[in-house]
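J.: Input structure: work-v5.txt, which contains compact mmCIF, C-alpha atoms.
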```txt
# COMPACT_ATOMS: atom_id res chain seq x y z
CA MET A 1 -79.97 37.62 -11.78
CA THR A 2 -81.76 38.99 -8.62
CA SER A 3 -84.29 41.08 -10.63
CA GLY A 4 -85.19 38.05 -12.70
CA ARG A 5 -85.89 36.00 -9.61
CA ARG A 6 -88.09 38.81 -8.17
CA ALA A 7 -90.21 39.03 -11.34
CA ALA A 8 -90.72 35.30 -11.31
CA THR A 9 -91.85 35.42 -7.68
CA VAL A 10 -94.48 38.12 -8.38
CA PHE A 11 -95.71 36.24 -11.43
CA LEU A 12 -96.13 32.97 -9.54
CA THR A 13 -97.83 34.76 -6.60
CA VAL A 14 -100.46 36.40 -8.84
CA ILE A 15 -101.14 33.19 -10.75
CA GLY A 16 -101.39 31.20 -7.52
CA GLY A 17 -103.81 33.75 -5.95
CA LEU A 18 -106.09 33.72 -8.99
CA VAL A 19 -106.23 29.95 -9.05
CA LEU A 20 -107.04 29.67 -5.35
CA ALA A 21 -109.70 32.43 -5.56
CA LEU A 22 -111.39 30.65 -8.47
CA VAL A 23 -111.40 27.34 -6.54
CA ALA A 24 -112.77 29.03 -3.37
CA VAL A 25 -115.65 30.69 -5.29
CA CYS A 26 -116.57 27.51 -7.11
CA ARG A 27 -116.65 25.42 -3.95
CA GLY A 28 -118.15 28.01 -1.65
CA TRP A 29 -115.40 27.97 0.96
CA PRO A 30 -116.12 30.00 4.20
CA LEU A 31 -114.70 33.52 4.59
CA TRP A 32 -112.09 32.59 7.20
CA VAL A 33 -110.26 30.47 4.58
CA TRP A 34 -109.46 33.46 2.44
CA PRO A 35 -106.80 34.99 4.76
CA VAL A 36 -105.08 31.59 5.03
CA LEU A 37 -105.01 31.24 1.24
CA GLY A 38 -103.50 34.69 0.91
CA VAL A 39 -100.64 33.81 3.28
CA LEU A 40 -99.98 30.59 1.36
CA VAL A 41 -99.96 32.39 -1.99
CA LEU A 42 -97.45 34.98 -0.75
CA ALA A 43 -95.12 32.55 1.10
CA THR A 44 -94.91 29.59 -1.31
CA PRO A 45 -92.87 31.11 -4.25
CA PRO A 46 -90.03 32.48 -2.06
CA VAL A 47 -89.73 29.14 -0.27
CA LEU A 48 -89.54 27.25 -3.57
CA PHE A 49 -86.85 29.55 -4.98
CA ALA A 50 -84.80 29.30 -1.77
CA ARG A 51 -84.80 25.46 -1.93
CA ALA A 52 -83.82 25.52 -5.60
CA ALA A 53 -80.95 27.90 -4.89
CA ARG A 54 -79.59 25.59 -2.16
CA ARG A 55 -79.61 22.65 -4.61
CA ARG A 56 -77.71 24.57 -7.33
CA GLY A 57 -75.24 26.22 -4.99
CA GLU A 58 -74.42 29.82 -4.91
CA VAL A 59 -74.94 31.79 -8.09
CA PRO A 60 -71.68 33.47 -9.25
CA ALA A 61 -71.59 37.06 -8.17
CA ALA A 62 -70.04 38.28 -11.41
CA PHE A 63 -70.14 36.67 -14.84
CA ASP A 64 -66.73 38.07 -15.80
CA GLU A 65 -65.08 36.05 -13.08
CA GLN A 66 -66.36 32.79 -14.65
CA ARG A 67 -65.27 33.39 -18.21
CA THR A 68 -62.50 30.94 -19.42
CA ALA A 69 -59.23 32.45 -20.44
CA SER A 70 -58.65 32.79 -24.13
CA PRO A 71 -56.58 29.86 -25.52
CA VAL A 72 -52.90 30.44 -26.04
CA GLU A 73 -52.03 30.55 -29.71
CA HIS A 74 -49.46 27.90 -30.68
CA THR A 75 -46.55 28.98 -32.85
CA GLU A 76 -44.30 26.91 -35.09
CA ARG A 77 -41.06 27.03 -37.05
CA ARG A 78 -39.69 24.78 -39.80
CA ILE A 79 -36.16 23.33 -39.66
CA ASN A 80 -34.49 21.72 -42.69
CA GLU A 81 -31.59 19.23 -42.78
CA VAL A 82 -29.86 20.28 -39.58
CA ALA A 83 -26.72 18.13 -39.16
CA LEU A 84 -26.66 16.04 -35.99
CA PRO A 85 -23.68 13.82 -35.05
CA SER A 86 -23.87 10.02 -35.10
CA ALA A 87 -21.75 7.44 -33.30
CA TRP A 88 -19.36 7.42 -36.30
CA PRO A 89 -17.11 10.45 -36.96
CA ASP A 90 -17.94 12.39 -40.13
CA TYR A 91 -21.27 10.58 -40.63
CA ASP A 92 -24.01 13.08 -39.69
CA PHE A 93 -27.77 12.64 -39.59
CA LEU A 94 -29.82 15.37 -41.30
CA LEU A 95 -32.92 16.35 -39.32
CA SER A 96 -35.96 18.14 -40.77
CA GLY A 97 -39.33 18.84 -39.16
CA THR A 98 -41.77 21.37 -37.73
CA VAL A 99 -41.07 22.75 -34.24
CA ARG A 100 -44.10 23.85 -32.23
CA TRP A 101 -44.08 25.68 -28.88
CA TRP A 102 -45.94 27.92 -26.52
CA PRO A 103 -44.45 30.40 -24.05
CA LEU A 104 -44.23 29.85 -20.32
CA ALA A 105 -43.93 32.40 -17.53
CA PRO A 106 -41.41 31.13 -14.93
CA PRO A 107 -42.39 32.18 -11.40
CA GLY A 108 -40.64 35.33 -10.28
CA SER A 109 -39.10 36.01 -13.70
CA ASN A 110 -39.55 39.33 -15.48
CA GLU A 111 -37.21 38.45 -18.35
CA VAL A 112 -38.54 39.32 -21.79
CA ILE A 113 -37.84 36.69 -24.49
CA GLY A 114 -37.60 38.26 -27.91
CA ASN A 115 -37.14 34.98 -29.82
CA PRO A 116 -38.98 32.13 -28.13
CA GLY A 117 -38.82 30.17 -31.38
CA GLY A 118 -35.03 30.05 -31.07
CA LEU A 119 -35.31 28.58 -27.58
CA ALA A 120 -37.80 26.02 -28.86
CA VAL A 121 -35.57 24.93 -31.77
CA GLU A 122 -32.55 24.70 -29.49
CA ALA A 123 -34.47 22.52 -27.04
CA VAL A 124 -35.72 20.19 -29.81
CA LEU A 125 -32.26 19.82 -31.37
CA ALA A 126 -30.68 19.09 -27.99
CA ARG A 127 -33.20 16.30 -27.36
CA ALA A 128 -32.63 14.86 -30.82
CA ARG A 129 -28.82 15.02 -30.52
CA ALA A 130 -28.87 13.13 -27.22
CA ILE A 131 -30.23 10.18 -29.24
CA THR A 132 -28.39 10.43 -32.58
CA GLU A 133 -24.86 10.80 -31.18
CA LEU A 134 -25.15 7.30 -29.72
CA ARG A 135 -26.62 5.60 -32.80
CA ASP A 136 -25.09 3.76 -35.76
CA PRO A 137 -25.68 5.73 -39.00
CA GLY A 138 -26.40 2.46 -40.77
CA ARG A 139 -29.65 2.23 -38.74
CA VAL A 140 -31.06 5.54 -39.96
CA SER A 141 -34.60 4.20 -40.48
CA PHE A 142 -34.82 2.93 -36.91
CA VAL A 143 -33.27 6.11 -35.47
CA ARG A 144 -35.83 8.21 -37.39
CA HIS A 145 -38.73 6.59 -35.55
CA GLU A 146 -36.91 6.81 -32.23
CA VAL A 147 -36.30 10.56 -32.63
CA SER A 148 -39.87 11.14 -33.83
CA GLY A 149 -41.25 9.49 -30.70
CA ALA A 150 -38.91 11.39 -28.37
CA LEU A 151 -39.87 14.79 -29.87
CA SER A 152 -43.63 14.18 -29.93
CA ALA A 153 -44.14 15.38 -26.32
CA MET A 154 -44.25 19.02 -25.22
CA ARG A 155 -41.38 19.65 -22.81
CA ALA A 156 -39.98 22.79 -21.24
CA ASP A 157 -36.61 24.03 -22.39
CA ARG A 158 -33.74 24.39 -19.93
CA SER A 159 -34.59 28.07 -19.26
CA GLY A 160 -38.23 27.29 -18.55
CA HIS A 161 -39.55 29.99 -20.91
CA VAL A 162 -41.08 27.73 -23.60
CA ARG A 163 -42.48 24.24 -24.03
CA ALA A 164 -41.54 22.68 -27.36
CA MET A 165 -42.10 19.62 -29.51
CA ALA A 166 -41.54 18.62 -33.15
CA GLU A 167 -43.57 16.76 -35.77
CA ASP A 168 -43.28 15.74 -39.42
CA ILE A 169 -39.82 14.42 -38.56
CA ARG A 170 -37.50 13.45 -41.42
CA LEU A 171 -34.08 11.98 -40.59
CA VAL A 172 -31.73 10.96 -43.43
CA LEU A 173 -28.05 10.68 -44.35
CA ARG A 174 -26.20 12.45 -47.12
CA ALA A 175 -26.36 10.49 -50.37
CA GLN A 176 -22.57 10.01 -50.45
CA ASP A 177 -22.52 8.74 -46.87
CA GLN A 178 -25.35 6.33 -47.58
CA GLU A 179 -23.44 4.95 -50.59
CA ARG A 180 -20.25 4.54 -48.53
CA LEU A 181 -22.12 2.71 -45.79
CA GLU A 182 -23.62 0.31 -48.31
CA LYS A 183 -20.15 -0.43 -49.72
CA LEU A 184 -18.74 -0.97 -46.23
CA ALA A 185 -21.59 -3.31 -45.40
CA ASP A 186 -20.94 -5.29 -48.57
CA LEU A 187 -17.22 -5.53 -47.76
CA ARG A 188 -17.99 -6.72 -44.23
CA LYS A 189 -20.23 -9.44 -45.61
CA ARG A 190 -17.58 -10.56 -48.09
CA LYS A 191 -14.94 -10.58 -45.36
CA ALA A 192 -17.18 -12.68 -43.15
CA VAL A 193 -17.69 -15.20 -45.97
CA TRP A 194 -13.95 -15.26 -46.72
CA GLU A 195 -13.06 -15.79 -43.06
CA HIS A 196 -15.61 -18.57 -42.85
CA GLU A 197 -14.15 -20.27 -45.92
CA ARG A 198 -10.60 -19.84 -44.58
CA THR A 199 -11.59 -21.31 -41.23
CA HIS A 200 -13.22 -24.22 -43.03
CA GLU A 201 -10.09 -24.78 -45.12
CA GLN A 202 -7.85 -24.63 -42.03
CA SER A 203 -10.09 -27.15 -40.33
CA ARG A 204 -9.84 -29.49 -43.30
CA ARG A 205 -6.06 -29.15 -43.41
CA ALA A 206 -5.80 -29.82 -39.69
CA TYR A 207 -8.04 -32.84 -40.06
CA LEU A 208 -6.00 -34.25 -42.92
CA GLY A 209 -2.56 -33.38 -41.53
CA ASP A 210 -3.07 -34.08 -37.83
CA ASP A 211 -5.43 -37.01 -38.13
CA VAL A 212 -5.79 -38.68 -41.53
CA LEU A 213 -2.18 -38.35 -42.77
CA LYS A 214 -0.48 -38.40 -39.37
CA ASP A 215 1.12 -41.69 -40.34
CA THR A 216 0.56 -44.51 -42.80
CA GLY A 217 -1.55 -46.47 -40.34
CA SER A 218 -3.98 -43.59 -39.88
CA ALA A 219 -4.18 -43.12 -43.64
CA VAL A 220 -4.94 -46.83 -44.15
CA VAL A 221 -7.74 -46.77 -41.55
CA TRP A 222 -9.20 -43.61 -43.08
CA TRP A 223 -9.06 -45.14 -46.59
CA LEU A 224 -10.80 -48.30 -45.35
CA ALA A 225 -13.62 -46.20 -43.89
CA LYS A 226 -13.92 -44.16 -47.09
CA ASN A 227 -14.20 -47.35 -49.18
CA ASP A 228 -16.69 -49.21 -46.98
CA GLY A 229 -14.06 -51.56 -45.60
CA ARG A 230 -12.79 -52.85 -48.96
CA ILE A 231 -9.50 -54.43 -47.94
CA ASP A 232 -8.52 -55.37 -51.50
CA LYS A 233 -8.68 -51.76 -52.67
CA THR A 234 -6.83 -50.52 -49.58
CA VAL A 235 -4.02 -53.03 -50.11
CA ALA A 236 -3.80 -52.04 -53.77
CA ASP A 237 -3.52 -48.39 -52.74
CA LEU A 238 -1.06 -48.98 -49.90
CA ASP A 239 1.86 -47.77 -51.99
CA LEU A 240 0.06 -44.50 -52.77
CA LEU A 241 -1.00 -43.99 -49.14
CA ALA A 242 2.55 -44.53 -47.84
CA ARG A 243 4.05 -42.09 -50.32
CA LEU A 244 1.29 -39.55 -49.65
CA THR A 245 1.82 -39.79 -45.88
CA SER A 246 5.59 -39.36 -46.19
CA ALA A 247 5.11 -36.34 -48.47
CA ALA A 248 2.58 -34.76 -46.12
CA ASN A 249 4.96 -35.09 -43.16
CA ASP A 250 8.12 -34.37 -45.19
CA THR A 251 9.71 -37.63 -44.06
CA GLU A 252 11.15 -40.76 -45.65
CA ILE A 253 9.03 -43.86 -46.11
CA PRO A 254 9.70 -46.21 -43.17
CA GLU A 255 12.12 -49.01 -43.96
CA ARG A 256 9.62 -51.67 -42.85
CA LEU A 257 7.23 -50.53 -45.61
CA ARG A 258 9.67 -50.20 -48.48
CA ALA A 259 9.76 -53.95 -49.15
CA LEU A 260 5.98 -53.89 -49.60
CA LEU A 261 6.00 -51.00 -52.02
CA ALA A 262 6.56 -50.92 -55.73
CA PRO A 263 9.12 -48.52 -57.20
CA PRO A 264 7.75 -45.03 -57.83
CA PRO A 265 5.85 -44.75 -61.11
CA GLY A 266 8.32 -44.20 -63.94
CA GLU A 267 11.44 -44.91 -61.84
CA GLU A 268 12.17 -48.27 -63.51
CA GLN A 269 11.53 -46.79 -66.90
CA GLU A 270 13.89 -43.89 -66.16
CA GLU A 271 16.62 -46.30 -65.08
CA GLU A 272 16.15 -48.33 -68.23
CA VAL A 273 16.27 -45.22 -70.42
CA SER A 274 19.37 -44.00 -68.59
CA ALA A 275 21.12 -47.30 -69.08
CA ALA A 276 20.06 -47.36 -72.72
CA VAL A 277 21.42 -43.85 -73.28
CA GLU A 278 24.69 -44.70 -71.57
CA ALA A 279 25.03 -47.91 -73.55
CA SER A 280 24.11 -46.18 -76.77
CA VAL A 281 26.66 -43.33 -76.43
CA ALA A 282 29.43 -45.64 -75.28
CA ASP A 283 28.65 -48.26 -77.91
CA HIS A 284 28.63 -45.68 -80.68
CA LEU A 285 31.95 -44.28 -79.54
CA ALA A 286 33.36 -47.82 -79.35
CA GLY A 287 32.15 -48.32 -82.94
CA VAL A 288 33.97 -45.14 -83.95
CA PHE A 289 37.16 -46.42 -82.30
CA ALA A 290 36.79 -49.70 -84.14
CA ALA A 291 36.31 -47.88 -87.45
CA LEU A 292 39.45 -45.84 -86.77
CA GLY A 293 41.38 -48.97 -85.95
CA VAL A 294 41.98 -48.04 -82.31
CA PRO A 295 41.78 -51.34 -80.41
CA ASP A 296 41.02 -51.91 -76.75
CA GLY A 297 43.96 -51.04 -74.50
CA ASP A 298 45.31 -48.44 -76.90
CA PRO A 299 46.07 -45.22 -74.88
CA ARG A 300 44.64 -43.19 -77.69
CA ARG A 301 41.26 -44.77 -77.03
CA ALA A 302 41.15 -43.28 -73.52
CA MET A 303 42.53 -39.94 -74.73
CA LEU A 304 39.91 -39.60 -77.45
CA ALA A 305 37.14 -40.59 -75.04
CA LYS A 306 38.34 -37.90 -72.63
CA GLN A 307 38.41 -35.26 -75.33
CA PHE A 308 34.96 -36.22 -76.57
CA ALA A 309 33.63 -36.12 -73.00
CA GLU A 310 34.95 -32.59 -72.57
CA TYR A 311 33.27 -31.62 -75.81
CA LEU A 312 29.95 -33.04 -74.55
CA ARG A 313 30.27 -31.02 -71.34
CA GLY A 314 30.78 -27.90 -73.38
CA GLN A 315 27.57 -28.67 -75.24
CA ASP A 316 25.66 -29.10 -71.90
CA PHE A 317 25.63 -32.90 -71.86
CA PRO A 318 27.43 -33.53 -68.56
CA GLU A 319 25.73 -36.82 -67.78
CA SER A 320 26.68 -38.37 -71.11
CA ALA A 321 30.23 -37.08 -70.62
CA ASP A 322 30.47 -38.73 -67.20
CA ARG A 323 29.17 -41.98 -68.63
CA LEU A 324 31.91 -42.00 -71.27
CA VAL A 325 34.58 -41.30 -68.66
CA ARG A 326 33.29 -44.12 -66.48
CA ARG A 327 33.10 -46.47 -69.49
CA PHE A 328 36.54 -45.94 -70.85
CA ASP A 329 38.29 -45.06 -67.53
CA PRO A 330 41.09 -42.92 -68.96
CA PRO A 331 44.52 -43.39 -67.32
CA ALA A 332 45.80 -40.80 -64.84
CA GLU A 333 48.22 -39.21 -67.25
CA TYR A 334 45.30 -38.12 -69.49
CA ARG A 335 43.13 -36.49 -66.75
CA ALA A 336 42.31 -32.81 -66.99
CA GLY A 337 45.06 -30.42 -66.05
CA GLU A 338 47.89 -33.00 -66.04
CA THR A 339 50.52 -34.14 -68.58
CA GLU A 340 50.23 -33.86 -72.28
CA ALA A 341 48.76 -36.85 -74.08
CA PRO A 342 51.23 -38.85 -76.18
CA ASP A 343 51.31 -38.40 -79.92
CA PRO A 344 49.02 -40.93 -81.56
CA ALA A 345 51.75 -41.39 -84.22
CA GLY A 346 54.17 -42.51 -81.53
CA GLY A 347 56.11 -39.24 -81.28
```
Mind turning this structure into structure tokens?

T.:
Amino acid sequence: MTSGRRAATVFLTVIGGLVLALVAVCRGWPLWVWPVLGVLVLATPPVLFARAARRRGEVPAAFDEQRTASPVEHTERRINEVALPSAWPDYDFLLSGTVRWWPLAPPGSNEVIGNPGGLAVEAVLARARAITELRDPGRVSFVRHEVSGALSAMRADRSGHVRAMAEDIRLVLRAQDQERLEKLADLRKRKAVWEHERTHEQSRRAYLGDDVLKDTGSAVVWWLAKNDGRIDKTVADLDLLARLTSAANDTEIPERLRALLAPPPGEEQEEEVSAAVEASVADHLAGVFAALGVPDGDPRRAMLAKQFAEYLRGQDFPESADRLVRRFDPPAEYRAGETEAPDPAGG
């Protein structure tokens, strides 16, 4: 650099002297000017170079000292489906990606690392595990992005020998685990619907039992509201409301309401049928007695009625048998388990 500056100084001095000499000859300057011009020609280039050097600063003494260090070559390693724990036992995440690192030189350490890639992978997996072991496996898509962001920065491992990161992250579950999680999610949804329906049903039962059907008065008021205040319909349905209220509370219908109520549907008809059956069986047997010539008051009449009643009981007609016994009222000597009946022939 110094030799170049010297050559430039000589070149500028010669050029400057020739220019000034040409100007002095053309203008006819006096002889005393020539020494002054010579001093100016010799002094001007060094002064100009000195000012330029001060503006630029000092010129590096050696070019080698200013050369940039050669870039460190990055290295990488691929990992495939490494199992990482989740917040649920036996449901692991599977991590895949590309681990990149570069070596570091810890101050004061002379340790030689034969497998820096192993340190880098260990550091990346430790950072990923710190996230996955706290996450629900059912949120695998969200956790994938979270892990990808956490591993995108170069960070030193715990030994300080490498800085590592990971890219092209892929985080999935095993196919069987994914299927199980989907089934569990479906069951949870069904359970939630069922519990909602059960709660709704319990609420309806409580409303009907504790409010609407608490007593007949409450039922009547509720029925009036349901039928827009139609008193005629409510009065017509009073019998039904009273019976429904008593059934709901497992109690008898209050005595004060029984006079207002009609007999239960079919009760009158059943009583009529029962009476008709009793009359029919007794009348038929009386007709048989008449055909046999056994008149009223004849002890045989009672005895035969008793025997026929026992026969009906044996054929699973106990009610008809009881009706015959009540109708003909056999004397005490013909009751079951007592004395022998007298001989109809008078023996």

J.: Could you please determine the separation between atom CA of Lys214 of chain A and atom CA of Trp194 of chain A in Å, to one decimal place?

T.: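 Atom-to-atom, atom CA of Lys214 of chain A to atom CA of Trp194 of chain A, that is 27.8 Å.
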
J.: Per residue of segment 151-259 of chain A within 12 Å of segment 129-140 of chain A, what are the shortest atom pair and its distance in Å to one decimal, counting only C-alpha atoms, with rows by chain and residue number, as a tab-separated table?

T.:
```
residue	atom	partner	partner_atom	distance
A:Leu151	CA	A:Ile131	CA	10.7
A:Arg170	CA	A:Val140	CA	10.3
A:Leu171	CA	A:Val140	CA	7.1
A:Val172	CA	A:Val140	CA	6.5
A:Leu173	CA	A:Val140	CA	7.4
A:Arg174	CA	A:Pro137	CA	10.6
A:Asp177	CA	A:Pro137	CA	9.0
A:Gln178	CA	A:Gly138	CA	7.9
A:Glu179	CA	A:Gly138	CA	10.6
A:Arg180	CA	A:Gly138	CA	10.1
A:Leu181	CA	A:Gly138	CA	6.6
A:Glu182	CA	A:Gly138	CA	8.3
A:Lys183	CA	A:Gly138	CA	11.3
A:Leu184	CA	A:Gly138	CA	10.0
A:Ala185	CA	A:Gly138	CA	8.8
```

J.: Please compute the atom CA of Leu84 of chain A-atom CA of Leu125 of chain A distance, one decimal, in Å.

T.: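 Atom-to-atom, atom CA of Leu84 of chain A and atom CA of Leu125 of chain A are spaced 8.2 Å apart.
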
J.: For Met154 of chain A, which of A:Phe93, A:Phe328, A:Trp102, A:Trp222 is the closest residue, counting all atoms listed in the file?

T.: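 That would be A:Trp102, the residue with the smallest distance to Met154 of chain A.
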
J.: Would you pick out the contacts of Leu213 of chain A at 8 Å or less, using only C-alpha atoms, so that residues sharing its chain but fewer than 2 positions from it are not included, and give the list as a list in words?

T.: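 The residues satisfying every condition are Leu208, Gly209, Asp210, Asp211, Asp215, Thr216, Ser218, Ala219, Leu244, Thr245, Ala248 and Asn249 of chain A.
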
J.: For segment 75-77 of chain A, please output as a ChimeraX atom specification all residues within 12 Å (counting all atoms listed in the file; exclusion window: fewer than 5 positions along the same chain).

T.: /A:96-103,115-122,124,162-168

J.: Provide the atom CA of Asp186 of chain A to atom CA of Ser86 of chain A distance in Å, to one decimal place.

T.: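 Straight-line distance from atom CA of Asp186 of chain A to atom CA of Ser86 of chain A works out to 20.6 Å.
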